[in-house]
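Raw contents of query.cif, mmCIF, C-alpha atoms:
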data_upload
#
loop_
_atom_site.group_PDB
_atom_site.id
_atom_site.type_symbol
_atom_site.label_atom_id
_atom_site.label_comp_id
_atom_site.auth_asym_id
_atom_site.auth_seq_id
_atom_site.Cartn_x
_atom_site.Cartn_y
_atom_site.Cartn_z
ATOM 1 C CA MET A 545 -37.528 30.140 47.081
ATOM 2 C CA SER A 546 -37.758 29.634 50.771
ATOM 3 C CA SER A 547 -34.240 28.416 51.490
ATOM 4 C CA PHE A 548 -32.825 31.833 50.662
ATOM 5 C CA LYS A 549 -34.562 33.142 53.762
ATOM 6 C CA ALA A 550 -31.947 31.380 55.857
ATOM 7 C CA PHE A 551 -29.394 33.702 54.250
ATOM 8 C CA ASP A 552 -31.407 36.797 55.137
ATOM 9 C CA ILE A 553 -31.882 35.591 58.692
ATOM 10 C CA ALA A 554 -28.233 34.716 59.209
ATOM 11 C CA GLY A 555 -27.288 38.024 57.571
ATOM 12 C CA SER A 556 -29.501 39.970 59.957
ATOM 13 C CA GLY A 557 -27.897 38.131 62.858
ATOM 14 C CA MET A 558 -24.427 38.959 61.558
ATOM 15 C CA SER A 559 -25.216 42.638 61.144
ATOM 16 C CA ALA A 560 -26.772 42.818 64.619
ATOM 17 C CA GLN A 561 -23.765 41.136 66.179
ATOM 18 C CA SER A 562 -21.377 43.437 64.332
ATOM 19 C CA VAL A 563 -23.250 46.447 65.734
ATOM 20 C CA ARG A 564 -22.742 44.891 69.151
ATOM 21 C CA LEU A 565 -19.037 44.392 68.432
ATOM 22 C CA ASN A 566 -18.776 48.000 67.305
ATOM 23 C CA THR A 567 -20.372 49.364 70.463
ATOM 24 C CA THR A 568 -18.132 47.130 72.549
ATOM 25 C CA ALA A 569 -15.075 48.413 70.696
ATOM 26 C CA SER A 570 -16.236 51.993 71.239
ATOM 27 C CA ASN A 571 -16.830 51.356 74.941
ATOM 28 C CA LEU A 572 -13.441 49.745 75.421
ATOM 29 C CA ALA A 573 -11.656 52.438 73.428
ATOM 30 C CA ASN A 574 -13.251 55.146 75.544
ATOM 31 C CA ALA A 575 -12.886 53.377 78.879
ATOM 32 C CA GLU A 576 -10.203 55.851 79.901
ATOM 33 C CA SER A 577 -11.561 58.990 78.222
ATOM 34 C CA VAL A 578 -11.659 61.154 81.316
ATOM 35 C CA SER A 579 -13.308 64.534 81.511
ATOM 36 C CA GLY A 580 -13.496 67.308 84.052
ATOM 37 C CA ASP A 581 -17.256 67.568 83.734
ATOM 38 C CA PRO A 582 -19.299 64.550 84.941
ATOM 39 C CA ASN A 583 -22.071 65.382 82.458
ATOM 40 C CA ARG A 584 -19.823 65.408 79.419
ATOM 41 C CA VAL A 585 -18.021 62.168 80.081
ATOM 42 C CA TYR A 586 -18.449 59.270 77.644
ATOM 43 C CA LYS A 587 -21.379 56.947 78.375
ATOM 44 C CA ALA A 588 -21.230 53.235 77.660
ATOM 45 C CA ARG A 589 -23.409 52.242 74.722
ATOM 46 C CA HIS A 590 -25.338 49.000 74.327
ATOM 47 C CA PRO A 591 -27.499 47.840 71.421
ATOM 48 C CA ILE A 592 -31.042 46.576 71.918
ATOM 49 C CA PHE A 593 -31.974 43.483 69.924
ATOM 50 C CA GLU A 594 -35.455 42.575 68.856
ATOM 51 C CA ALA A 595 -36.870 39.681 66.879
ATOM 52 C CA VAL A 596 -38.548 40.770 63.661
ATOM 53 C CA ARG A 597 -41.467 38.604 62.696
ATOM 54 C CA ALA A 598 -42.463 38.038 59.091
ATOM 55 C CA GLN A 599 -41.001 41.126 57.521
ATOM 56 C CA LEU A 600 -38.594 39.415 55.189
ATOM 57 C CA GLN A 601 -41.231 38.550 52.640
ATOM 58 C CA ALA A 602 -44.718 39.777 52.041
ATOM 59 C CA GLY A 603 -46.129 36.262 52.000
ATOM 60 C CA ALA A 604 -44.334 35.180 55.120
ATOM 61 C CA ALA A 605 -47.088 36.285 57.464
ATOM 62 C CA GLN A 606 -48.963 32.997 57.139
ATOM 63 C CA GLN A 607 -45.832 30.966 57.620
ATOM 64 C CA GLY A 608 -45.284 32.165 61.162
ATOM 65 C CA GLY A 609 -42.100 31.187 62.851
ATOM 66 C CA ASP A 610 -39.649 33.174 60.784
ATOM 67 C CA ALA A 611 -37.995 35.964 62.633
ATOM 68 C CA ALA A 612 -34.831 37.787 61.826
ATOM 69 C CA VAL A 613 -33.134 39.978 64.367
ATOM 70 C CA ARG A 614 -32.912 43.748 64.311
ATOM 71 C CA VAL A 615 -31.156 46.394 66.349
ATOM 72 C CA THR A 616 -33.965 48.686 67.484
ATOM 73 C CA GLY A 617 -31.721 51.180 69.153
ATOM 74 C CA ILE A 618 -28.614 51.870 71.116
ATOM 75 C CA TYR A 619 -29.050 53.025 74.660
ATOM 76 C CA GLU A 620 -26.513 54.939 76.664
ATOM 77 C CA SER A 621 -25.792 53.634 80.099
ATOM 78 C CA GLN A 622 -27.057 55.962 82.836
ATOM 79 C CA ALA A 623 -24.526 54.735 85.372
ATOM 80 C CA PRO A 624 -22.810 57.675 87.080
ATOM 81 C CA ALA A 625 -19.243 58.465 86.088
ATOM 82 C CA THR A 626 -16.578 57.557 88.606
ATOM 83 C CA ALA A 627 -14.692 60.458 90.116
ATOM 84 C CA ARG A 628 -10.926 60.233 90.480
ATOM 85 C CA TYR A 629 -8.761 62.641 92.411
ATOM 86 C CA GLU A 630 -6.019 63.687 89.976
ATOM 87 C CA PRO A 631 -5.063 67.298 90.635
ATOM 88 C CA GLY A 632 -2.124 67.035 88.215
ATOM 89 C CA ASN A 633 -4.384 66.177 85.290
ATOM 90 C CA PRO A 634 -4.898 69.171 82.958
ATOM 91 C CA LEU A 635 -8.541 68.109 82.559
ATOM 92 C CA ALA A 636 -9.219 68.158 86.292
ATOM 93 C CA ASN A 637 -11.887 70.520 87.575
ATOM 94 C CA ALA A 638 -11.425 73.138 90.280
ATOM 95 C CA GLU A 639 -11.536 70.523 93.077
ATOM 96 C CA GLY A 640 -8.934 68.385 91.331
ATOM 97 C CA TYR A 641 -11.269 65.631 90.184
ATOM 98 C CA VAL A 642 -11.500 63.972 86.775
ATOM 99 C CA TYR A 643 -14.448 61.785 85.810
ATOM 100 C CA ALA A 644 -13.976 58.429 84.093
ATOM 101 C CA PRO A 645 -16.828 56.786 82.139
ATOM 102 C CA ALA A 646 -18.697 53.973 83.885
ATOM 103 C CA VAL A 647 -17.453 51.317 81.486
ATOM 104 C CA ASN A 648 -17.098 47.893 83.013
ATOM 105 C CA VAL A 649 -14.135 46.480 81.094
ATOM 106 C CA VAL A 650 -14.789 42.875 82.204
ATOM 107 C CA GLU A 651 -18.412 43.121 81.114
ATOM 108 C CA GLU A 652 -17.355 44.546 77.762
ATOM 109 C CA MET A 653 -14.852 41.744 77.186
ATOM 110 C CA VAL A 654 -17.551 39.152 77.934
ATOM 111 C CA ASN A 655 -19.868 40.983 75.529
ATOM 112 C CA MET A 656 -17.181 40.922 72.886
ATOM 113 C CA ILE A 657 -16.616 37.176 73.201
ATOM 114 C CA SER A 658 -20.338 36.484 73.186
ATOM 115 C CA ALA A 659 -20.851 38.673 70.108
ATOM 116 C CA SER A 660 -18.008 37.070 68.199
ATOM 117 C CA ARG A 661 -19.264 33.552 69.016
ATOM 118 C CA SER A 662 -22.763 34.457 67.888
ATOM 119 C CA TYR A 663 -21.334 35.984 64.723
ATOM 120 C CA GLN A 664 -19.432 32.769 64.018
ATOM 121 C CA ASN A 665 -22.619 30.776 64.561
ATOM 122 C CA ASN A 666 -24.398 32.867 61.959
ATOM 123 C CA VAL A 667 -21.519 32.481 59.508
ATOM 124 C CA GLU A 668 -21.732 28.727 60.031
ATOM 125 C CA VAL A 669 -25.460 28.775 59.316
ATOM 126 C CA MET A 670 -24.839 30.745 56.139
ATOM 127 C CA ASN A 671 -22.089 28.399 54.935
ATOM 128 C CA THR A 672 -24.135 25.285 55.595
ATOM 129 C CA SER A 673 -27.203 26.781 53.907
ATOM 130 C CA LYS A 674 -25.070 27.645 50.908
ATOM 131 C CA ASP A 675 -23.709 24.090 50.683
ATOM 132 C CA LEU A 676 -27.212 22.640 50.940
ATOM 133 C CA LEU A 677 -28.556 24.974 48.270
ATOM 134 C CA LEU A 678 -25.685 24.174 45.919
ATOM 135 C CA ALA A 679 -26.273 20.463 46.493
ATOM 136 C CA THR A 680 -29.939 21.014 45.683
ATOM 137 C CA LEU A 681 -28.975 22.764 42.471
ATOM 138 C CA ARG A 682 -26.862 19.781 41.480
ATOM 139 C CA LEU A 683 -29.788 17.436 42.089
ATOM 140 C CA GLY A 684 -30.044 14.842 39.359
ATOM 141 C CA GLN A 685 -26.766 15.810 37.716
ATOM 142 C CA SER A 686 -24.451 13.313 39.333
ATOM 143 C CA MET B 1444 -48.672 2.164 32.880
ATOM 144 C CA PRO B 1445 -47.517 5.771 32.970
ATOM 145 C CA LEU B 1446 -45.154 6.700 35.753
ATOM 146 C CA ASN B 1447 -46.294 9.464 38.029
ATOM 147 C CA LEU B 1448 -43.077 11.379 38.648
ATOM 148 C CA ASP B 1449 -44.683 13.292 41.493
ATOM 149 C CA GLN B 1450 -45.562 10.071 43.259
ATOM 150 C CA TYR B 1451 -42.176 8.565 42.435
ATOM 151 C CA VAL B 1452 -40.310 11.190 44.471
ATOM 152 C CA SER B 1453 -43.165 12.183 46.773
ATOM 153 C CA VAL B 1454 -41.831 11.355 50.257
ATOM 154 C CA HIS B 1455 -38.389 12.722 49.574
ATOM 155 C CA ALA B 1456 -39.634 15.891 47.938
ATOM 156 C CA ALA B 1457 -41.866 16.585 50.923
ATOM 157 C CA ALA B 1458 -39.051 15.728 53.327
ATOM 158 C CA LEU B 1459 -36.733 18.138 51.517
ATOM 159 C CA ASP B 1460 -39.295 20.896 51.940
ATOM 160 C CA VAL B 1461 -39.759 20.220 55.642
ATOM 161 C CA ARG B 1462 -35.997 20.071 56.154
ATOM 162 C CA ALA B 1463 -35.575 23.405 54.379
ATOM 163 C CA ARG B 1464 -38.178 24.947 56.670
ATOM 164 C CA ARG B 1465 -36.418 23.532 59.693
ATOM 165 C CA THR B 1466 -33.121 25.014 58.460
ATOM 166 C CA GLU B 1467 -34.781 28.421 58.451
ATOM 167 C CA LEU B 1468 -36.233 27.992 61.904
ATOM 168 C CA ILE B 1469 -32.926 27.001 63.446
ATOM 169 C CA ALA B 1470 -31.232 29.864 61.593
ATOM 170 C CA ASN B 1471 -33.787 32.114 63.296
ATOM 171 C CA ASN B 1472 -32.994 30.686 66.680
ATOM 172 C CA LEU B 1473 -29.275 31.195 66.168
ATOM 173 C CA ALA B 1474 -29.736 34.719 64.833
ATOM 174 C CA ASN B 1475 -31.795 35.582 67.906
ATOM 175 C CA ALA B 1476 -29.447 33.902 70.386
ATOM 176 C CA ASP B 1477 -28.943 37.254 72.136
ATOM 177 C CA THR B 1478 -32.394 38.782 71.733
ATOM 178 C CA PRO B 1479 -34.085 39.338 75.095
ATOM 179 C CA GLY B 1480 -37.389 37.518 75.421
ATOM 180 C CA TYR B 1481 -36.985 35.461 72.244
ATOM 181 C CA LYS B 1482 -38.386 31.937 72.515
ATOM 182 C CA ALA B 1483 -36.631 29.233 70.509
ATOM 183 C CA ARG B 1484 -38.871 27.329 68.100
ATOM 184 C CA ASP B 1485 -38.618 24.106 66.218
ATOM 185 C CA LEU B 1486 -40.627 21.975 63.863
ATOM 186 C CA ASP B 1487 -42.430 18.768 64.746
ATOM 187 C CA PHE B 1488 -40.997 16.703 61.890
ATOM 188 C CA ARG B 1489 -43.361 13.762 62.267
ATOM 189 C CA GLN B 1490 -46.389 16.038 62.286
ATOM 190 C CA ALA B 1491 -45.136 18.097 59.345
ATOM 191 C CA MET B 1492 -44.510 14.953 57.304
ATOM 192 C CA ALA B 1493 -47.928 13.571 58.197
ATOM 193 C CA ARG B 1494 -49.439 16.824 57.015
ATOM 194 C CA ALA B 1495 -47.419 16.664 53.790
ATOM 195 C CA ALA B 1496 -48.753 13.147 53.235
ATOM 196 C CA GLY B 1497 -52.276 14.507 53.564
ATOM 197 C CA GLU B 1498 -53.064 12.956 56.933
ATOM 198 C CA THR B 1499 -54.573 14.824 59.817
ATOM 199 C CA PRO B 1500 -52.003 14.793 62.595
ATOM 200 C CA THR B 1501 -53.066 12.927 65.680
ATOM 201 C CA SER B 1502 -51.146 14.981 68.178
ATOM 202 C CA GLY B 1503 -52.045 18.498 69.173
ATOM 203 C CA VAL B 1504 -54.326 19.873 71.815
ATOM 204 C CA HIS B 1505 -57.853 20.847 70.954
ATOM 205 C CA LEU B 1506 -60.617 22.394 72.959
ATOM 206 C CA SER B 1507 -63.556 20.078 73.132
ATOM 207 C CA THR B 1508 -67.059 21.497 73.268
ATOM 208 C CA THR B 1509 -69.400 19.307 75.261
ATOM 209 C CA GLN B 1510 -72.027 21.900 76.133
ATOM 210 C CA ALA B 1511 -73.995 24.288 73.999
ATOM 211 C CA GLY B 1512 -72.427 27.331 75.669
ATOM 212 C CA HIS B 1513 -68.822 26.219 75.239
ATOM 213 C CA ILE B 1514 -66.581 28.234 72.996
ATOM 214 C CA GLY B 1515 -64.444 26.027 70.796
ATOM 215 C CA GLY B 1516 -60.885 26.822 69.833
ATOM 216 C CA ASN B 1517 -60.438 28.499 66.506
ATOM 217 C CA ALA B 1518 -59.473 25.397 64.528
ATOM 218 C CA ALA B 1519 -59.293 27.272 61.215
ATOM 219 C CA ALA B 1520 -56.910 29.892 62.553
ATOM 220 C CA ASP B 1521 -54.868 27.131 64.154
ATOM 221 C CA ALA B 1522 -54.499 25.347 60.827
ATOM 222 C CA THR B 1523 -53.339 28.425 58.934
ATOM 223 C CA ALA B 1524 -50.848 29.517 61.587
ATOM 224 C CA ASN B 1525 -48.540 26.584 61.072
ATOM 225 C CA PRO B 1526 -49.471 24.111 63.812
ATOM 226 C CA ASP B 1527 -46.256 22.110 63.308
ATOM 227 C CA LEU B 1528 -44.291 24.856 64.999
ATOM 228 C CA LYS B 1529 -43.481 24.188 68.615
ATOM 229 C CA TYR B 1530 -41.648 26.125 71.262
ATOM 230 C CA ARG B 1531 -38.559 24.475 72.642
ATOM 231 C CA THR B 1532 -38.610 23.462 76.294
ATOM 232 C CA PRO B 1533 -35.600 25.276 77.711
ATOM 233 C CA LEU B 1534 -33.123 23.472 79.925
ATOM 234 C CA ALA B 1535 -31.765 26.675 81.391
ATOM 235 C CA PRO B 1536 -33.526 29.850 80.221
ATOM 236 C CA SER B 1537 -31.583 33.076 80.568
ATOM 237 C CA LEU B 1538 -32.600 35.808 82.949
ATOM 238 C CA ASP B 1539 -33.723 38.005 80.019
ATOM 239 C CA GLY B 1540 -36.330 35.443 78.922
ATOM 240 C CA ASN B 1541 -34.334 34.071 75.997
ATOM 241 C CA THR B 1542 -34.615 30.296 75.611
ATOM 242 C CA VAL B 1543 -32.050 29.761 72.842
ATOM 243 C CA ASP B 1544 -29.344 27.246 73.732
ATOM 244 C CA ALA B 1545 -26.668 27.939 71.098
ATOM 245 C CA GLN B 1546 -24.984 24.535 71.444
ATOM 246 C CA LEU B 1547 -28.266 22.686 71.192
ATOM 247 C CA GLU B 1548 -29.301 24.713 68.172
ATOM 248 C CA GLN B 1549 -25.957 24.150 66.491
ATOM 249 C CA ALA B 1550 -26.293 20.415 67.009
ATOM 250 C CA ALA B 1551 -29.835 20.498 65.658
ATOM 251 C CA PHE B 1552 -28.687 22.544 62.675
ATOM 252 C CA ALA B 1553 -25.866 20.121 61.851
ATOM 253 C CA GLU B 1554 -28.191 17.156 62.212
ATOM 254 C CA ASN B 1555 -30.769 18.802 60.002
ATOM 255 C CA ALA B 1556 -28.136 19.586 57.358
ATOM 256 C CA VAL B 1557 -26.942 15.976 57.291
ATOM 257 C CA ARG B 1558 -30.493 14.698 56.959
ATOM 258 C CA TYR B 1559 -31.172 17.227 54.209
ATOM 259 C CA GLN B 1560 -28.177 15.856 52.351
ATOM 260 C CA ALA B 1561 -29.373 12.302 52.945
ATOM 261 C CA THR B 1562 -32.702 13.227 51.376
ATOM 262 C CA LEU B 1563 -30.836 14.743 48.439
ATOM 263 C CA THR B 1564 -28.901 11.488 48.047
ATOM 264 C CA PHE B 1565 -32.145 9.516 48.031
ATOM 265 C CA LEU B 1566 -33.589 11.810 45.396
ATOM 266 C CA ASN B 1567 -30.418 11.591 43.332
ATOM 267 C CA SER B 1568 -30.508 7.803 43.360
ATOM 268 C CA LYS B 1569 -34.171 7.888 42.368
ATOM 269 C CA PHE B 1570 -33.291 10.011 39.372
ATOM 270 C CA ARG B 1571 -30.347 7.783 38.528
ATOM 271 C CA ASN B 1572 -32.624 4.731 38.561
ATOM 272 C CA LEU B 1573 -34.954 6.567 36.234
ATOM 273 C CA MET B 1574 -32.091 7.429 33.870
ATOM 274 C CA THR B 1575 -30.955 3.819 33.873
ATOM 275 C CA ALA B 1576 -34.461 2.744 32.928
ATOM 276 C CA ILE B 1577 -34.681 5.364 30.186
ATOM 277 C CA LEU B 1578 -31.268 4.748 28.644
ATOM 278 C CA GLY B 1579 -31.396 0.997 29.192
ATOM 279 C CA SER B 1580 -27.666 0.793 29.740
#
Will you turn the file into structure tokens for me?
Amino acid sequence: MSSFKAFDIAGSGMSAQSVRLNTTASNLANAESVSGDPNRVYKARHPIFEAVRAQLQAGAAQQGGDAAVRVTGIYESQAPATARYEPGNPLANAEGYVYAPAVNVVEEMVNMISASRSYQNNVEVMNTSKDLLLATLRLGQS
Amino acid sequence: MPLNLDQYVSVHAAALDVRARRTELIANNLANADTPGYKARDLDFRQAMARAAGETPTSGVHLSTTQAGHIGGNAAADATANPDLKYRTPLAPSLDGNTVDAQLEQAAFAENAVRYQATLTFLNSKFRNLMTAILGS
């Protein structure tokens, strides 16, 4: 039954957006995780989304058009860590510097809002599809 | 005269199918609202309905071959690969190549859902008429 595909698609969107929310949460939580070594400092993580064509069903290849979304990977930002002069910090290196991760808090907040809106959109799609399917099941009964 | 039930509900049954397909497509667009490079797609309802009614759609671009050496478009491949699918013309595409406009898609989804329900209502009333005829009450 083809209408159930809408569930799979919306579900894939929800899972992708929740991965994005998770990485955002991790980035924000570690925004102040300083380290004395610039190479060991936390790196911001971002998911990579990709449209998946015709993998939901074996027979979907002819249909075209249907594409769920998939997280193909999570890349670590290569932005250099920012050095801060804090000689009193126990983590500071010999020169008195600590290194903070290059997490842009504003960017992460925007990402979070965007992810949660997209998630809500997918939930809406799922709810509406469910209502339509249930109405279809009741066809001819009322 | 026997009643052909298939013919009795034909338009609405086909419309329900096309609407269900459109639901999927818009669900796709919304699921891929943040996928770089994704191009939003939609269904040409008129064309899909014409196809369901067994007509050959009038719209669509074809390569015409006027000379012996011309290579025609692959009409067969075109027909199997769902020619009713169109790409949406973006109003403001994002920098990453994504052409999904979430608001527009949401509106289209809501509209499609309402029309799906309208088709269901039509079908329901068809069945009710049939029941009235059968029961005679």
Give me the residues of chain B that have any atom at most 6 Å from an atom of chain A; for each, the nearest atom pair and the distance in Å, rounded to one decimal. Use only C-alpha atoms, sort by chain and number, and format it as JSON lines.
{"residue": "B:Ala1463", "atom": "CA", "partner": "A:Ser547", "partner_atom": "CA", "distance": 5.9}
{"residue": "B:Glu1467", "atom": "CA", "partner": "A:Ala550", "partner_atom": "CA", "distance": 4.8}
{"residue": "B:Ala1470", "atom": "CA", "partner": "A:Ala550", "partner_atom": "CA", "distance": 6.0}
{"residue": "B:Asn1471", "atom": "CA", "partner": "A:Ala611", "partner_atom": "CA", "distance": 5.7}
{"residue": "B:Ala1474", "atom": "CA", "partner": "A:Gly557", "partner_atom": "CA", "distance": 4.4}
{"residue": "B:Asn1475", "atom": "CA", "partner": "A:Val613", "partner_atom": "CA", "distance": 5.8}
{"residue": "B:Thr1478", "atom": "CA", "partner": "A:Phe593", "partner_atom": "CA", "distance": 5.1}
{"residue": "B:Ala1524", "atom": "CA", "partner": "A:Gln606", "partner_atom": "CA", "distance": 6.0}
{"residue": "B:Asn1567", "atom": "CA", "partner": "A:Gly684", "partner_atom": "CA", "distance": 5.1}
{"residue": "B:Phe1570", "atom": "CA", "partner": "A:Gly684", "partner_atom": "CA", "distance": 5.8}
Exercise. What separation in Å, quoted to one decimal, exists between CA of Leu1563 (chain B) and CA of Ala1476 (chain B)?
Worked result: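 Result for CA of Leu1563 (chain B) versus CA of Ala1476 (chain B): 29.2 Å, one decimal.
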Problem set entry | Ground truth for the PyMOL selection byres ((chain A and resi 564-573) around 6), written as a PyMOL selection string | chain A and resi 561-563+574-575+588-589+652+656
Problem set entry | One-decimal distance in Å that lies between CA of Asn671 (chain A) and CA of Ala1553 (chain B) |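 That distance, rounded to one decimal, is 11.4 Å.
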For this session: To verify the selection step, state as a ChimeraX atom specification which residues the PyMOL selection byres ((chain A and resi 586) around 10) yields on this input.
Result: /A:570-571,574-579,582-585,587-589,620-621,625,643-647
For this session: Please identify all polymer residues within 9 Å of region 1493-1497 of chain B, counting all atoms listed in the file, omitting same-chain residues fewer than 2 positions from it, and present them as number ranges by chain.
Result: B: 1453-1454, 1457-1458, 1461, 1488-1491, 1499-1500, 1527
For this session: Using all atoms listed in the file, determine which residues lie at most 7 Å from Leu1486 (chain B), disregarding the query and same-chain residues fewer than 3 positions distant; provide the list as a PyMOL selection string.
Result: chain B and resi 1465+1527-1529
Once you add 6 Å to each side, what are the centre and edge lengths of the axis-aligned box holding all listed atoms of region 588-593 of chain A? One decimal in Å, as lines of an AutoDock Vina configuration file, if you can.
center_x = -26.6
center_y = 48.4
center_z = 73.8
size_x = 22.7
size_y = 21.8
size_z = 19.7
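CA of Thr1562 (chain B) is found 27.1 Å from CA of Val1543 (chain B).
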Problem set entry | Nearest to Pro624 (chain A) by atom-to-atom distance, counting all atoms listed in the file, from A:Val654, A:Ser660, A:Ala638, A:Asp581 | A:Asp581
Name the residues that the PyMOL selection byres ((chain B and resi 1531) around 9) picks from the file above, as a PDB file with C-alpha atoms, in the frame of the given file, using the file's chain letters and numbers.
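Okay, selection-v5.pdb is ready:
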ATOM      1  CA  LYS B1482     -38.386  31.937  72.515  1.00  0.00           C
ATOM      2  CA  ALA B1483     -36.631  29.233  70.509  1.00  0.00           C
ATOM      3  CA  ARG B1484     -38.871  27.329  68.100  1.00  0.00           C
ATOM      4  CA  ASP B1485     -38.618  24.106  66.218  1.00  0.00           C
ATOM      5  CA  LYS B1529     -43.481  24.188  68.615  1.00  0.00           C
ATOM      6  CA  TYR B1530     -41.648  26.125  71.262  1.00  0.00           C
ATOM      7  CA  THR B1532     -38.610  23.462  76.294  1.00  0.00           C
ATOM      8  CA  PRO B1533     -35.600  25.276  77.711  1.00  0.00           C
ATOM      9  CA  THR B1542     -34.615  30.296  75.611  1.00  0.00           C
ATOM     10  CA  VAL B1543     -32.050  29.761  72.842  1.00  0.00           C
TER      11      VAL B1543
END
